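File shown: upload-v8.pdb (PDB, C-alpha atoms).
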```
ATOM      1  CA  MET A   1      36.981 243.063   7.157
ATOM      2  CA  PHE A   2      34.036 244.271   9.285
ATOM      3  CA  LYS A   3      33.894 240.946  11.154
ATOM      4  CA  ASP A   4      37.638 241.105  11.865
ATOM      5  CA  ARG A   5      37.292 244.625  13.261
ATOM      6  CA  VAL A   6      34.400 243.575  15.523
ATOM      7  CA  LYS A   7      36.332 240.482  16.684
ATOM      8  CA  ALA A   8      39.363 242.620  17.559
ATOM      9  CA  LEU A   9      37.209 245.066  19.537
ATOM     10  CA  LEU A  10      35.524 242.165  21.340
ATOM     11  CA  GLU A  11      38.834 240.536  22.267
ATOM     12  CA  GLU A  12      40.159 243.874  23.519
ATOM     13  CA  ALA A  13      37.058 244.359  25.695
ATOM     14  CA  LEU A  14      37.309 240.806  27.086
ATOM     15  CA  ASP A  15      40.993 241.372  27.938
ATOM     16  CA  ASP A  16      39.838 244.094  30.351
ATOM     17  CA  ASN A  17      37.811 241.555  32.372
ATOM     18  CA  ASP A  18      39.597 238.240  32.978
ATOM     19  CA  SER A  19      36.514 236.554  34.462
ATOM     20  CA  LEU A  20      34.492 236.888  31.241
ATOM     21  CA  PHE A  21      34.938 234.588  28.254
ATOM     22  CA  LEU A  22      33.364 234.123  24.849
ATOM     23  CA  ILE A  23      30.882 231.320  24.191
ATOM     24  CA  ASP A  24      29.691 232.326  20.727
ATOM     25  CA  PHE A  25      30.324 235.116  18.241
ATOM     26  CA  SER A  26      28.775 235.664  14.837
ATOM     27  CA  VAL A  27      28.283 238.373  12.253
ATOM     28  CA  SER A  28      25.567 237.664   9.689
ATOM     29  CA  PRO A  29      25.679 238.946   6.090
ATOM     30  CA  ASP A  30      23.375 241.839   7.066
ATOM     31  CA  ASN A  31      25.890 242.879   9.809
ATOM     32  CA  SER A  32      23.849 241.552  12.721
ATOM     33  CA  ILE A  33      26.426 240.994  15.444
ATOM     34  CA  LYS A  34      25.666 238.441  18.159
ATOM     35  CA  VAL A  35      27.945 237.903  21.165
ATOM     36  CA  VAL A  36      27.250 235.296  23.859
ATOM     37  CA  LEU A  37      29.328 235.562  27.038
ATOM     38  CA  ASP A  38      29.843 233.584  30.210
ATOM     39  CA  GLY A  39      31.893 234.308  33.275
ATOM     40  CA  ASP A  40      33.709 232.463  36.021
ATOM     41  CA  SER A  41      31.278 234.004  38.500
ATOM     42  CA  GLY A  42      28.396 234.732  36.126
ATOM     43  CA  VAL A  43      27.658 237.658  33.837
ATOM     44  CA  THR A  44      25.920 240.822  34.960
ATOM     45  CA  LEU A  45      23.896 243.270  32.919
ATOM     46  CA  GLU A  46      26.711 245.783  33.418
ATOM     47  CA  ASP A  47      29.191 243.286  31.924
ATOM     48  CA  CYS A  48      27.038 242.981  28.791
ATOM     49  CA  MET A  49      26.672 246.753  28.575
ATOM     50  CA  LYS A  50      30.449 247.329  28.857
ATOM     51  CA  ILE A  51      31.190 244.829  26.094
ATOM     52  CA  SER A  52      28.425 246.288  23.931
ATOM     53  CA  ARG A  53      29.717 249.833  24.388
ATOM     54  CA  ALA A  54      33.317 248.782  23.717
ATOM     55  CA  ILE A  55      32.235 247.425  20.349
ATOM     56  CA  GLU A  56      29.543 249.923  19.355
ATOM     57  CA  HIS A  57      31.431 253.098  20.293
ATOM     58  CA  ASN A  58      34.395 252.057  18.158
ATOM     59  CA  LEU A  59      32.481 251.313  14.968
ATOM     60  CA  ASP A  60      31.409 253.939  12.458
ATOM     61  CA  ARG A  61      27.637 253.798  11.895
ATOM     62  CA  ASP A  62      28.060 255.848   8.719
ATOM     63  CA  ALA A  63      30.398 253.257   7.230
ATOM     64  CA  HIS A  64      28.512 250.156   8.438
ATOM     65  CA  ASP A  65      24.866 249.697   9.269
ATOM     66  CA  PHE A  66      24.774 247.034  11.989
ATOM     67  CA  SER A  67      22.794 245.641  14.904
ATOM     68  CA  LEU A  68      24.497 244.395  18.058
ATOM     69  CA  GLU A  69      23.276 241.889  20.634
ATOM     70  CA  VAL A  70      25.428 241.011  23.649
ATOM     71  CA  THR A  71      23.934 238.363  25.944
ATOM     72  CA  SER A  72      24.956 235.926  28.630
ATOM     73  CA  ALA A  73      24.668 232.188  28.266
ATOM     74  CA  GLY A  74      21.247 231.270  29.632
ATOM     75  CA  ALA A  75      20.623 228.849  32.476
ATOM     76  CA  ALA A  76      19.430 226.176  30.056
ATOM     77  CA  THR A  77      22.241 226.745  27.560
ATOM     78  CA  PRO A  78      24.480 223.677  27.191
ATOM     79  CA  LEU A  79      27.945 223.909  28.730
ATOM     80  CA  THR A  80      30.401 223.980  25.839
ATOM     81  CA  LEU A  81      33.723 224.925  27.427
ATOM     82  CA  ALA A  82      35.650 223.239  30.247
ATOM     83  CA  ARG A  83      35.896 226.657  31.895
ATOM     84  CA  GLN A  84      32.104 226.664  32.479
ATOM     85  CA  TYR A  85      32.062 223.616  34.761
ATOM     86  CA  PRO A  86      33.813 224.825  37.970
ATOM     87  CA  LYS A  87      31.167 227.444  38.767
ATOM     88  CA  ASN A  88      28.534 224.689  38.582
ATOM     89  CA  ILE A  89      30.065 222.382  41.194
ATOM     90  CA  GLY A  90      27.276 221.243  43.525
ATOM     91  CA  ARG A  91      24.585 221.690  40.871
ATOM     92  CA  LYS A  92      22.720 218.918  39.101
ATOM     93  CA  LEU A  93      23.748 218.251  35.495
ATOM     94  CA  LYS A  94      22.325 216.183  32.682
ATOM     95  CA  VAL A  95      25.266 214.805  30.714
ATOM     96  CA  LYS A  96      24.979 212.971  27.417
ATOM     97  CA  THR A  97      27.794 210.841  26.094
ATOM     98  CA  ALA A  98      27.783 208.732  22.936
ATOM     99  CA  SER A  99      26.601 205.696  24.907
ATOM    100  CA  GLU A 100      24.409 207.005  27.750
ATOM    101  CA  THR A 101      22.717 209.917  29.503
ATOM    102  CA  MET A 102      23.314 210.585  33.212
ATOM    103  CA  GLU A 103      21.873 213.018  35.714
ATOM    104  CA  GLY A 104      23.845 213.741  38.839
ATOM    105  CA  ASN A 105      25.487 216.324  41.034
ATOM    106  CA  LEU A 106      28.724 217.764  39.724
ATOM    107  CA  THR A 107      31.201 217.060  42.512
ATOM    108  CA  GLU A 108      34.562 217.745  40.911
ATOM    109  CA  VAL A 109      36.168 219.219  37.821
ATOM    110  CA  THR A 110      39.624 218.030  36.788
ATOM    111  CA  ASP A 111      41.926 219.074  33.956
ATOM    112  CA  THR A 112      40.525 216.281  31.787
ATOM    113  CA  GLY A 113      36.898 215.875  32.850
ATOM    114  CA  ILE A 114      34.186 215.914  35.487
ATOM    115  CA  ASN A 115      32.878 213.699  38.298
ATOM    116  CA  LEU A 116      29.156 213.140  38.804
ATOM    117  CA  GLU A 117      27.404 211.513  41.765
ATOM    118  CA  TRP A 118      23.784 210.422  42.105
ATOM    119  CA  LYS A 119      21.545 208.024  44.022
ATOM    120  CA  THR A 120      19.476 205.303  42.388
ATOM    121  CA  ARG A 121      17.228 202.462  43.483
ATOM    122  CA  GLU A 122      18.378 198.969  42.513
ATOM    123  CA  PRO A 123      17.071 195.494  43.312
ATOM    124  CA  LYS A 124      18.560 193.950  46.468
ATOM    125  CA  PRO A 125      21.297 191.388  45.778
ATOM    126  CA  VAL A 126      19.325 188.870  47.846
ATOM    127  CA  GLY A 127      15.591 188.874  48.468
ATOM    128  CA  LYS A 128      12.796 191.146  47.355
ATOM    129  CA  GLY A 129      12.710 194.925  47.306
ATOM    130  CA  LYS A 130      15.124 197.639  46.363
ATOM    131  CA  VAL A 131      17.987 199.413  48.024
ATOM    132  CA  THR A 132      19.319 202.959  47.472
ATOM    133  CA  VAL A 133      22.781 202.920  45.934
ATOM    134  CA  ARG A 134      25.198 205.831  45.458
ATOM    135  CA  LYS A 135      26.725 205.907  41.956
ATOM    136  CA  LYS A 136      29.713 207.837  40.642
ATOM    137  CA  ALA A 137      30.984 208.508  37.146
ATOM    138  CA  GLU A 138      34.171 210.079  35.852
ATOM    139  CA  ILE A 139      33.547 211.564  32.423
ATOM    140  CA  ASP A 140      36.238 212.963  30.134
ATOM    141  CA  PHE A 141      35.462 216.271  28.438
ATOM    142  CA  SER A 142      36.127 214.555  25.091
ATOM    143  CA  ASP A 143      33.313 212.047  25.796
ATOM    144  CA  ILE A 144      30.682 214.694  26.579
ATOM    145  CA  VAL A 145      28.256 215.228  23.712
ATOM    146  CA  GLU A 146      26.085 217.679  25.678
ATOM    147  CA  ALA A 147      25.904 218.866  29.270
ATOM    148  CA  LYS A 148      23.178 221.068  30.751
ATOM    149  CA  VAL A 149      22.500 222.387  34.224
ATOM    150  CA  ILE A 150      19.150 221.149  35.479
ATOM    151  CA  VAL A 151      17.324 224.177  36.796
ATOM    152  CA  THR A 152      14.972 223.417  39.676
ATOM    153  CA  ILE A 153      12.362 225.807  40.935
TER     154      ILE A 153
END
```
Please render this file's structure as structure tokens.
Amino acid sequence: MFKDRVKALLEEALDDNDSLFLIDFSVSPDNSIKVVLDGDSGVTLEDCMKISRAIEHNLDRDAHDFSLEVTSAGAATPLTLARQYPKNIGRKLKVKTASETMEGNLTEVTDTGINLEWKTREPKPVGKGKVTVRKKAEIDFSDIVEAKVIVTI
């Protein structure tokens, strides 16, 4: 009952901002509420505060003792929804599938998957030495086991 009320308040608050979307939501047995958000153009501190207030101000502290944490998906958090990929076009991703792991620049997002490009050194077809080769991969969302943005400093 409490979880359903919190979920309804959360959905109502997210309806007010179309660029925000839910990554994770949980309510533990001790009424610890955790909300993880992402946005089409990122999540600001103000976004987290608005969502937090929309939930907290509509719950009765006398009826339910609870804690509330509203956060954004961190830079190292795996991408879990197709909606998270477009804002990362041009960034380097590490993508794991069932058969291999690839690191490359995200160049395109389609309705069904992503395109990665990277450079690698391979032996020359003839003679000694290596040559730089440009590789591409089209990966369906259904084949992605895990995808993370590689943060460079």
Legend entry - All residues 9 Å or closer to region 97-105 of chain A, only C-alpha atoms, same chain fewer than 2 positions away omitted, as a VMD selection string: chain A and resid 89 to 95 107 115 to 119 135 to 137 139 143 to 147 150
Inset, instruction - Name every residue that the PyMOL selection byres ((chain A and resi 9-18) around 12) selects in this structure, writing the answer as a ChimeraX atom specification with chains first and numbers rising. - result: /A:2-8,19-26,33-41,43,46-59,68,70
Inset, instruction - Work out how far apart CA of Lys87 (chain A) and CA of Gly42 (chain A) are and give it in Å to one decimal. - result: 8.2 Å
Inset, instruction - Find, counting all atoms listed in the file, the residue in A:Val131, A:Ala73, A:Val109, A:Leu79 that gets nearest to Lys96 (chain A). - result: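 Comparing A:Val131, A:Ala73, A:Val109, A:Leu79 against Lys96 (chain A), the winner is A:Leu79.
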Legend entry - Output of the PyMOL selection byres ((chain A and resi 82) around 9), listed as a ChimeraX atom specification: /A:79-81,83-86,109,111-113,141
Inset, instruction - Would you mind reading off the distance between CA of Thr152 (chain A) and CA of Glu108 (chain A), one decimal, in Å? - result: 20.4 Å
Inset, instruction - One decimal, Å: what's the distance from CA of Lys148 (chain A) over to CA of Thr77 (chain A), could you say? - result: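 Computing the Euclidean distance for CA of Lys148 (chain A) and CA of Thr77 (chain A) yields 6.6 Å.
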Inset, instruction - Apply the PyMOL selection byres ((chain A and resi 62-64) around 10) to the structure shown and report the selected residues as a PyMOL selection string. - result: chain A and resi 2+30-31+59-61+65-67
Centre, x/y/z edge lengths, axis-aligned box for region 73-85 of chain A with 5 Å per side, as AutoDock Vina command-line options:
```
--center_x 27.7 --center_y 227.7 --center_z 30.3 --size_x 26.5 --size_y 18.9 --size_z 18.9
```
Legend entry - Which of A:Pro29, A:Pro123, A:Gly129, A:Pro78 sits closest to Val151 (chain A) [using all atoms listed in the file]: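 Using all atoms listed in the file, Val151 (chain A) sits closest to A:Pro78.
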Kindly output region 39-74 of chain A as a PDB file, keeping the file's coordinate frame, after building N, CA and C atoms.
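out.pdb, freshly written:
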```pdb
ATOM      1  N   GLY A  39      30.876 233.830  32.357  1.00  0.00           N
ATOM      2  CA  GLY A  39      31.893 234.308  33.275  1.00  0.00           C
ATOM      3  C   GLY A  39      32.155 233.312  34.373  1.00  0.00           C
ATOM      4  N   ASP A  40      33.341 233.380  34.942  1.00  0.00           N
ATOM      5  CA  ASP A  40      33.709 232.463  36.021  1.00  0.00           C
ATOM      6  C   ASP A  40      32.783 232.613  37.218  1.00  0.00           C
ATOM      7  N   SER A  41      32.231 233.797  37.404  1.00  0.00           N
ATOM      8  CA  SER A  41      31.278 234.004  38.500  1.00  0.00           C
ATOM      9  C   SER A  41      29.977 234.603  37.964  1.00  0.00           C
ATOM     10  N   GLY A  42      29.617 234.235  36.741  1.00  0.00           N
ATOM     11  CA  GLY A  42      28.396 234.732  36.126  1.00  0.00           C
ATOM     12  C   GLY A  42      28.643 235.996  35.317  1.00  0.00           C
ATOM     13  N   VAL A  43      27.593 236.459  34.672  1.00  0.00           N
ATOM     14  CA  VAL A  43      27.658 237.658  33.837  1.00  0.00           C
ATOM     15  C   VAL A  43      26.550 238.604  34.287  1.00  0.00           C
ATOM     16  N   THR A  44      26.914 239.833  34.543  1.00  0.00           N
ATOM     17  CA  THR A  44      25.920 240.822  34.960  1.00  0.00           C
ATOM     18  C   THR A  44      25.457 241.642  33.760  1.00  0.00           C
ATOM     19  N   LEU A  45      24.386 242.366  33.957  1.00  0.00           N
ATOM     20  CA  LEU A  45      23.896 243.270  32.919  1.00  0.00           C
ATOM     21  C   LEU A  45      24.958 244.314  32.598  1.00  0.00           C
ATOM     22  N   GLU A  46      25.644 244.787  33.622  1.00  0.00           N
ATOM     23  CA  GLU A  46      26.711 245.783  33.418  1.00  0.00           C
ATOM     24  C   GLU A  46      27.836 245.219  32.558  1.00  0.00           C
ATOM     25  N   ASP A  47      28.158 243.928  32.753  1.00  0.00           N
ATOM     26  CA  ASP A  47      29.191 243.286  31.924  1.00  0.00           C
ATOM     27  C   ASP A  47      28.786 243.322  30.452  1.00  0.00           C
ATOM     28  N   CYS A  48      27.535 242.970  30.175  1.00  0.00           N
ATOM     29  CA  CYS A  48      27.038 242.981  28.791  1.00  0.00           C
ATOM     30  C   CYS A  48      27.062 244.392  28.218  1.00  0.00           C
ATOM     31  N   MET A  49      26.677 245.364  29.042  1.00  0.00           N
ATOM     32  CA  MET A  49      26.672 246.753  28.575  1.00  0.00           C
ATOM     33  C   MET A  49      28.088 247.237  28.269  1.00  0.00           C
ATOM     34  N   LYS A  50      29.056 246.904  29.093  1.00  0.00           N
ATOM     35  CA  LYS A  50      30.449 247.329  28.857  1.00  0.00           C
ATOM     36  C   LYS A  50      30.983 246.752  27.558  1.00  0.00           C
ATOM     37  N   ILE A  51      30.726 245.469  27.327  1.00  0.00           N
ATOM     38  CA  ILE A  51      31.190 244.829  26.094  1.00  0.00           C
ATOM     39  C   ILE A  51      30.486 245.458  24.893  1.00  0.00           C
ATOM     40  N   SER A  52      29.192 245.679  25.009  1.00  0.00           N
ATOM     41  CA  SER A  52      28.425 246.288  23.931  1.00  0.00           C
ATOM     42  C   SER A  52      28.964 247.675  23.590  1.00  0.00           C
ATOM     43  N   ARG A  53      29.200 248.482  24.619  1.00  0.00           N
ATOM     44  CA  ARG A  53      29.717 249.833  24.388  1.00  0.00           C
ATOM     45  C   ARG A  53      31.117 249.806  23.776  1.00  0.00           C
ATOM     46  N   ALA A  54      31.953 248.872  24.244  1.00  0.00           N
ATOM     47  CA  ALA A  54      33.317 248.782  23.717  1.00  0.00           C
ATOM     48  C   ALA A  54      33.312 248.490  22.217  1.00  0.00           C
ATOM     49  N   ILE A  55      32.334 247.738  21.778  1.00  0.00           N
ATOM     50  CA  ILE A  55      32.235 247.425  20.349  1.00  0.00           C
ATOM     51  C   ILE A  55      31.557 248.578  19.605  1.00  0.00           C
ATOM     52  N   GLU A  56      30.362 248.949  20.070  1.00  0.00           N
ATOM     53  CA  GLU A  56      29.543 249.923  19.355  1.00  0.00           C
ATOM     54  C   GLU A  56      30.205 251.294  19.243  1.00  0.00           C
ATOM     55  N   HIS A  57      30.840 251.751  20.295  1.00  0.00           N
ATOM     56  CA  HIS A  57      31.431 253.098  20.293  1.00  0.00           C
ATOM     57  C   HIS A  57      32.681 253.199  19.430  1.00  0.00           C
ATOM     58  N   ASN A  58      33.202 252.042  18.982  1.00  0.00           N
ATOM     59  CA  ASN A  58      34.395 252.057  18.158  1.00  0.00           C
ATOM     60  C   ASN A  58      34.131 251.659  16.702  1.00  0.00           C
ATOM     61  N   LEU A  59      32.859 251.588  16.352  1.00  0.00           N
ATOM     62  CA  LEU A  59      32.481 251.313  14.968  1.00  0.00           C
ATOM     63  C   LEU A  59      31.777 252.533  14.398  1.00  0.00           C
ATOM     64  N   ASP A  60      31.992 252.786  13.135  1.00  0.00           N
ATOM     65  CA  ASP A  60      31.409 253.939  12.458  1.00  0.00           C
ATOM     66  C   ASP A  60      30.059 253.550  11.853  1.00  0.00           C
ATOM     67  N   ARG A  61      28.989 254.102  12.389  1.00  0.00           N
ATOM     68  CA  ARG A  61      27.637 253.798  11.895  1.00  0.00           C
ATOM     69  C   ARG A  61      27.441 254.312  10.461  1.00  0.00           C
ATOM     70  N   ASP A  62      28.175 255.340  10.081  1.00  0.00           N
ATOM     71  CA  ASP A  62      28.060 255.848   8.719  1.00  0.00           C
ATOM     72  C   ASP A  62      28.675 254.881   7.713  1.00  0.00           C
ATOM     73  N   ALA A  63      29.725 254.196   8.128  1.00  0.00           N
ATOM     74  CA  ALA A  63      30.398 253.257   7.230  1.00  0.00           C
ATOM     75  C   ALA A  63      29.701 251.896   7.203  1.00  0.00           C
ATOM     76  N   HIS A  64      29.147 251.480   8.349  1.00  0.00           N
ATOM     77  CA  HIS A  64      28.512 250.156   8.438  1.00  0.00           C
ATOM     78  C   HIS A  64      27.204 250.272   9.201  1.00  0.00           C
ATOM     79  N   ASP A  65      26.137 249.802   8.571  1.00  0.00           N
ATOM     80  CA  ASP A  65      24.866 249.697   9.269  1.00  0.00           C
ATOM     81  C   ASP A  65      24.878 248.330   9.942  1.00  0.00           C
ATOM     82  N   PHE A  66      24.694 248.297  11.267  1.00  0.00           N
ATOM     83  CA  PHE A  66      24.774 247.034  11.989  1.00  0.00           C
ATOM     84  C   PHE A  66      23.819 247.015  13.174  1.00  0.00           C
ATOM     85  N   SER A  67      23.514 245.813  13.637  1.00  0.00           N
ATOM     86  CA  SER A  67      22.794 245.641  14.904  1.00  0.00           C
ATOM     87  C   SER A  67      23.719 244.818  15.803  1.00  0.00           C
ATOM     88  N   LEU A  68      23.603 245.048  17.107  1.00  0.00           N
ATOM     89  CA  LEU A  68      24.497 244.395  18.058  1.00  0.00           C
ATOM     90  C   LEU A  68      23.696 243.828  19.209  1.00  0.00           C
ATOM     91  N   GLU A  69      23.922 242.555  19.503  1.00  0.00           N
ATOM     92  CA  GLU A  69      23.276 241.889  20.634  1.00  0.00           C
ATOM     93  C   GLU A  69      24.361 241.214  21.463  1.00  0.00           C
ATOM     94  N   VAL A  70      24.478 241.625  22.722  1.00  0.00           N
ATOM     95  CA  VAL A  70      25.428 241.011  23.649  1.00  0.00           C
ATOM     96  C   VAL A  70      24.614 240.396  24.774  1.00  0.00           C
ATOM     97  N   THR A  71      24.714 239.072  24.938  1.00  0.00           N
ATOM     98  CA  THR A  71      23.934 238.363  25.944  1.00  0.00           C
ATOM     99  C   THR A  71      24.826 237.434  26.754  1.00  0.00           C
ATOM    100  N   SER A  72      24.265 236.946  27.850  1.00  0.00           N
ATOM    101  CA  SER A  72      24.956 235.926  28.630  1.00  0.00           C
ATOM    102  C   SER A  72      24.377 234.569  28.255  1.00  0.00           C
ATOM    103  N   ALA A  73      25.161 233.538  28.496  1.00  0.00           N
ATOM    104  CA  ALA A  73      24.668 232.188  28.266  1.00  0.00           C
ATOM    105  C   ALA A  73      23.531 231.934  29.249  1.00  0.00           C
ATOM    106  N   GLY A  74      22.402 231.488  28.770  1.00  0.00           N
ATOM    107  CA  GLY A  74      21.247 231.270  29.632  1.00  0.00           C
ATOM    108  C   GLY A  74      21.422 230.058  30.528  1.00  0.00           C
TER     109      GLY A  74
END
```
